[in-house]
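Visitor: Got a structure for you, written out below as structure tokens; questions coming shortly.
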Amino acid sequence: MLKKPYLSFWQIINMNVGFFGIQYSFGLQQSAVNPIYDFLGASPDQLPLLNLAGPLTGLLIQPLIGALSDKTWLPKFGGRRKPYFLIGALICSLALFLFPFSSSIWMAAGLLWILDAGNNTAMEPYRAFIADKLDESQQPTGFQAQSFFTGFGQTLANVSLFLFPLIFIGTTGKLPTWVFASFFLGAVCSIASVWWSSHTTKEIPPSDEELKQMQSESLSVITPFVDILKAIKHMPKVMWQLALVYLFQWYALFCYWQNSSKSIALSVWNTTPEKDMKLYGEAVSWTGLVNGWYNIVTFLIAFALVGFAKKYSAKYVHFACLSLAAIGFLVFPHIENKYLLFPAITGFGIGWASMMGIPYLLVVSKIPKERYGVYMGIINMMIVIPMFIQTITFGFIMKHFLNNDPRLAITFAGVLLVLSAICTLFMNTKKEISE
């Protein structure tokens, strides 16, 4: 591969703008999809299974797309990674446009599968895109730029849940009219932002030797699966250690996203969707504002974490950020004043900034450059497997151990983040970032 050019800060920003649209979509999934299920009549213990789309599509699609993109070079369609995240963005935009027309729980669940398939097709090549394009000294800035746009995109998504109900009054079909506005805006952001990054940033072409190697390898239906199994067999030890950190971390996050609006409804408004749907709608809007705040914190602090990681080690930065997130979750369900939710969730905003960038710094130097795609896909498997476990186990835990109380679900998430932070300290890393 050609020598990687040194990019300016704004060139790195341009190449990551597409992450904004992808994360707007994820922001709607985190904060709007579960309230939509509530509006359509879902019970609390049904929510984990209704969210099964995310982990399953991620588990199946991201490593496969990663393995395929490692062996792809299509200059007419952008190169190695760009064809995949353009296709993913188109699928995502279509699903976002159709989602507000859901007339039943199962229609919404089906569209969530399509939406997640698009998001996951776009997401994994974007991680590999950073590793491909930037040299080791600039990779921290590249990954934290993605963290910045994660916060920015999800902030817009969550703030729309607060502002749009004030602007778009009433219902359309079975859902509030503001749902249509939020999801239509997401459909535009998804494809427009990815197009911008594709238009402004060229991929580095493979060398003649690398191209010859790619062309000599036969590609069949089973090739990606073989590549994934080989990569797992030779996976660096630090990635196995990261998998344990992620087990607790991502199980906890799914618990929070599924239950945050109902926890706020109970602790602040003392209501549930069954008791007063109008009052619960106010709680959902406020949850959008609260979640928007933690994403504001994320994009404000994302680049600062690069400096901390260089000075104090990425491992200790991630430990500190997870600890702050855990404290926020443990305090969150006990707050009765809606304004005090903002300082509580600030800890999670700091943790989220780390989660979306710092772990990649812990492992990227240990990954062979010609296998960036498949290994980034495997890292995503470490994210979605805990989510999958959560969707099939947490309904039982919620019903039989937490009394279907969403406040206890948030507390449970806080305990899991404590365990995740402790596991981070046991990661064996050396010189994660070049000065």
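Quick note on naming: the chains in the structure tokens go A, B, ... in the order shown, residues restart at 1 in each chain, and ligands are numbered from 1 in order of appearance.
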Could you list, as number ranges by chain, every residue within 9 Å of Met15 in chain A, counting only C-alpha atoms and ignoring same-chain residues fewer than 5 positions away?
Guide: A: 10, 129-130, 142, 194, 196-198, 200-202
Visitor: If you count only C-alpha atoms, which residues fall within 12 Å of Ser147 in chain A, apart from same-chain ones fewer than 6 positions away, as an NGL selection string?
Guide: :A and (13 or 16-17 or 19-20 or 22-23 or 127 or 140-141 or 153-154 or 295-306 or 349-360)
Visitor: Excluding Ser31 in chain A and its own-chain neighbours fewer than 5 positions away, which residues fall within 9 Å of it when counting only C-alpha atoms? Please give them as a list in words.
Guide: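 Contacts, in chain order: Phe26, Ala157, Asn158, Leu161, Trp257, Gln258, Ser260, Ser261, Val284, Thr287, Gly288 and Asn291 of chain A.
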Visitor: For the selection you just gave me, I'd like the residues written to a file as a short mmCIF file (atom, residue, chain, number, x, y, z; two decimals), in the first residue's frame, keeping C-alpha atoms.
Guide:
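Generated file (part_36.cif):
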```cif
data_model
loop_
_atom_site.label_atom_id
_atom_site.label_comp_id
_atom_site.auth_asym_id
_atom_site.auth_seq_id
_atom_site.Cartn_x
_atom_site.Cartn_y
_atom_site.Cartn_z
CA PHE A 26 -28.34 5.10 16.17
CA ALA A 157 -31.43 12.93 17.25
CA ASN A 158 -32.20 13.32 20.95
CA LEU A 161 -37.26 14.30 20.42
CA TRP A 257 -31.31 2.60 26.45
CA GLN A 258 -34.30 0.29 26.86
CA SER A 260 -34.20 5.35 30.47
CA SER A 261 -37.50 6.98 29.46
CA VAL A 284 -40.03 10.70 26.63
CA THR A 287 -35.42 11.83 28.05
CA GLY A 288 -34.51 13.03 24.57
CA ASN A 291 -29.74 11.89 26.24
#
```
Visitor: Considering only C-alpha atoms, return as a list in words whatever protein or nucleic-acid residues lie within 6 Å of Thr57 in chain A, sequence-local ones (same chain, fewer than 4 positions apart) excluded.
Guide: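 Counting only C-alpha atoms, the residues come to Ala53, Ile61 and Ala117 of chain A.
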Visitor: Would you save the residues from that selection as a tab-separated table (two decimals), in the first residue's frame, using all heavy atoms?
Guide:
```
chain	number	residue	atom	x	y	z
A	53	ALA	N	-32.92	-7.11	16.90
A	53	ALA	CA	-32.38	-6.79	15.58
A	53	ALA	C	-30.96	-6.27	15.65
A	53	ALA	O	-30.09	-6.67	14.87
A	53	ALA	CB	-33.28	-5.76	14.89
A	61	ILE	N	-23.58	-9.27	10.12
A	61	ILE	CA	-23.22	-8.41	8.99
A	61	ILE	C	-21.83	-7.80	9.11
A	61	ILE	O	-21.04	-7.84	8.16
A	61	ILE	CB	-24.29	-7.31	8.80
A	61	ILE	CG1	-25.58	-7.95	8.28
A	61	ILE	CG2	-23.80	-6.24	7.83
A	61	ILE	CD1	-26.74	-6.99	8.16
A	117	ALA	N	-29.55	-3.43	9.71
A	117	ALA	CA	-28.73	-4.02	8.65
A	117	ALA	C	-27.99	-2.92	7.88
A	117	ALA	O	-26.79	-3.05	7.57
A	117	ALA	CB	-29.60	-4.83	7.70
```
Visitor: Skip Asp116 in chain A itself and residues of its chain fewer than 6 positions away, then list as a PDB file with C-alpha atoms, in the first residue's frame all residues within 10 Å of it, counting only C-alpha atoms.
Guide:
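The file below, around_9.pdb, is the result:
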```pdb
ATOM      1  CA  SER A  25     -29.781   6.928  13.149  1.00  0.00           C
ATOM      2  CA  PHE A  26     -28.343   5.104  16.170  1.00  0.00           C
ATOM      3  CA  GLN A  29     -32.749   3.738  17.851  1.00  0.00           C
ATOM      4  CA  ALA A  53     -32.383  -6.788  15.577  1.00  0.00           C
ATOM      5  CA  GLY A  54     -29.380  -4.736  16.678  1.00  0.00           C
ATOM      6  CA  PRO A  55     -27.172  -7.473  18.085  1.00  0.00           C
ATOM      7  CA  LEU A  56     -28.126 -10.144  15.556  1.00  0.00           C
ATOM      8  CA  THR A  57     -27.611  -8.011  12.453  1.00  0.00           C
ATOM      9  CA  GLY A  58     -24.362  -6.679  13.908  1.00  0.00           C
ATOM     10  CA  ILE A  61     -23.220  -8.415   8.993  1.00  0.00           C
ATOM     11  CA  GLY A  88     -25.438   0.862   4.047  1.00  0.00           C
ATOM     12  CA  ILE A  91     -30.615   1.107   3.202  1.00  0.00           C
ATOM     13  CA  CYS A  92     -30.595   3.091   6.426  1.00  0.00           C
ATOM     14  CA  ALA A  95     -35.765   2.315   6.663  1.00  0.00           C
ATOM     15  CA  ALA A 122     -22.017   1.285   6.909  1.00  0.00           C
TER      16      ALA A 122
END
```
Visitor: From the DSSP assignment of the backbone, select every residue of range 109-346 of chain A that is alpha helix (DSSP H), and format the answer as a ChimeraX atom specification.
Guide: /A:109-133,139-167,177-200,208-216,223-233,237-267,277-312,314-331,341-346
Visitor: Could you tell me how far CA of Ala89 in chain A sits from CA of Pro75 in chain A, in Å to one decimal place?
Guide: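 Rounded to one decimal, the two atoms are 19.0 Å apart.
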Visitor: For the atom pair CA of Phe148 in chain A and CA of Leu253 in chain A, what is the interatomic distance in Å to one decimal place?
Guide: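 Pair CA of Phe148 in chain A / CA of Leu253 in chain A returns 18.6 Å.
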Visitor: Taking only C-alpha atoms into account, name the residue in A:Gln249, A:Gln241, A:Thr155, A:Asn428 that is nearest to Met387 in chain A.
Guide: A:Gln249
Visitor: Set the distance at 7 Å and use only C-alpha atoms: which residues neighbour Ala409 in chain A once local chain neighbours fewer than 5 positions away are removed? I'd like the list as a list in words.
Guide: Cys255, Asn259 and Leu402 of chain A
Visitor: Have a look at CA of Leu90 in chain A and CA of Gly110 in chain A and let me know their distance in Å, one decimal.
Guide: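 Separation of CA of Leu90 in chain A and CA of Gly110 in chain A: 17.1 Å.
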Visitor: Identify which of the residues A:Gly347, A:Pro100, A:Pro176, A:Gly21 lies closest to Trp195 in chain A, counting only C-alpha atoms when measuring atom-to-atom distances.
Guide: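 The answer is A:Gly21, which sits nearest to Trp195 in chain A.
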Visitor: Which residue gives the smallest distance to Gly414 in chain A among A:Phe308, A:Trp269, A:Trp250, A:Phe396, with only C-alpha atoms counted?
Guide: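 Smallest separation from Gly414 in chain A among the options: A:Trp250.
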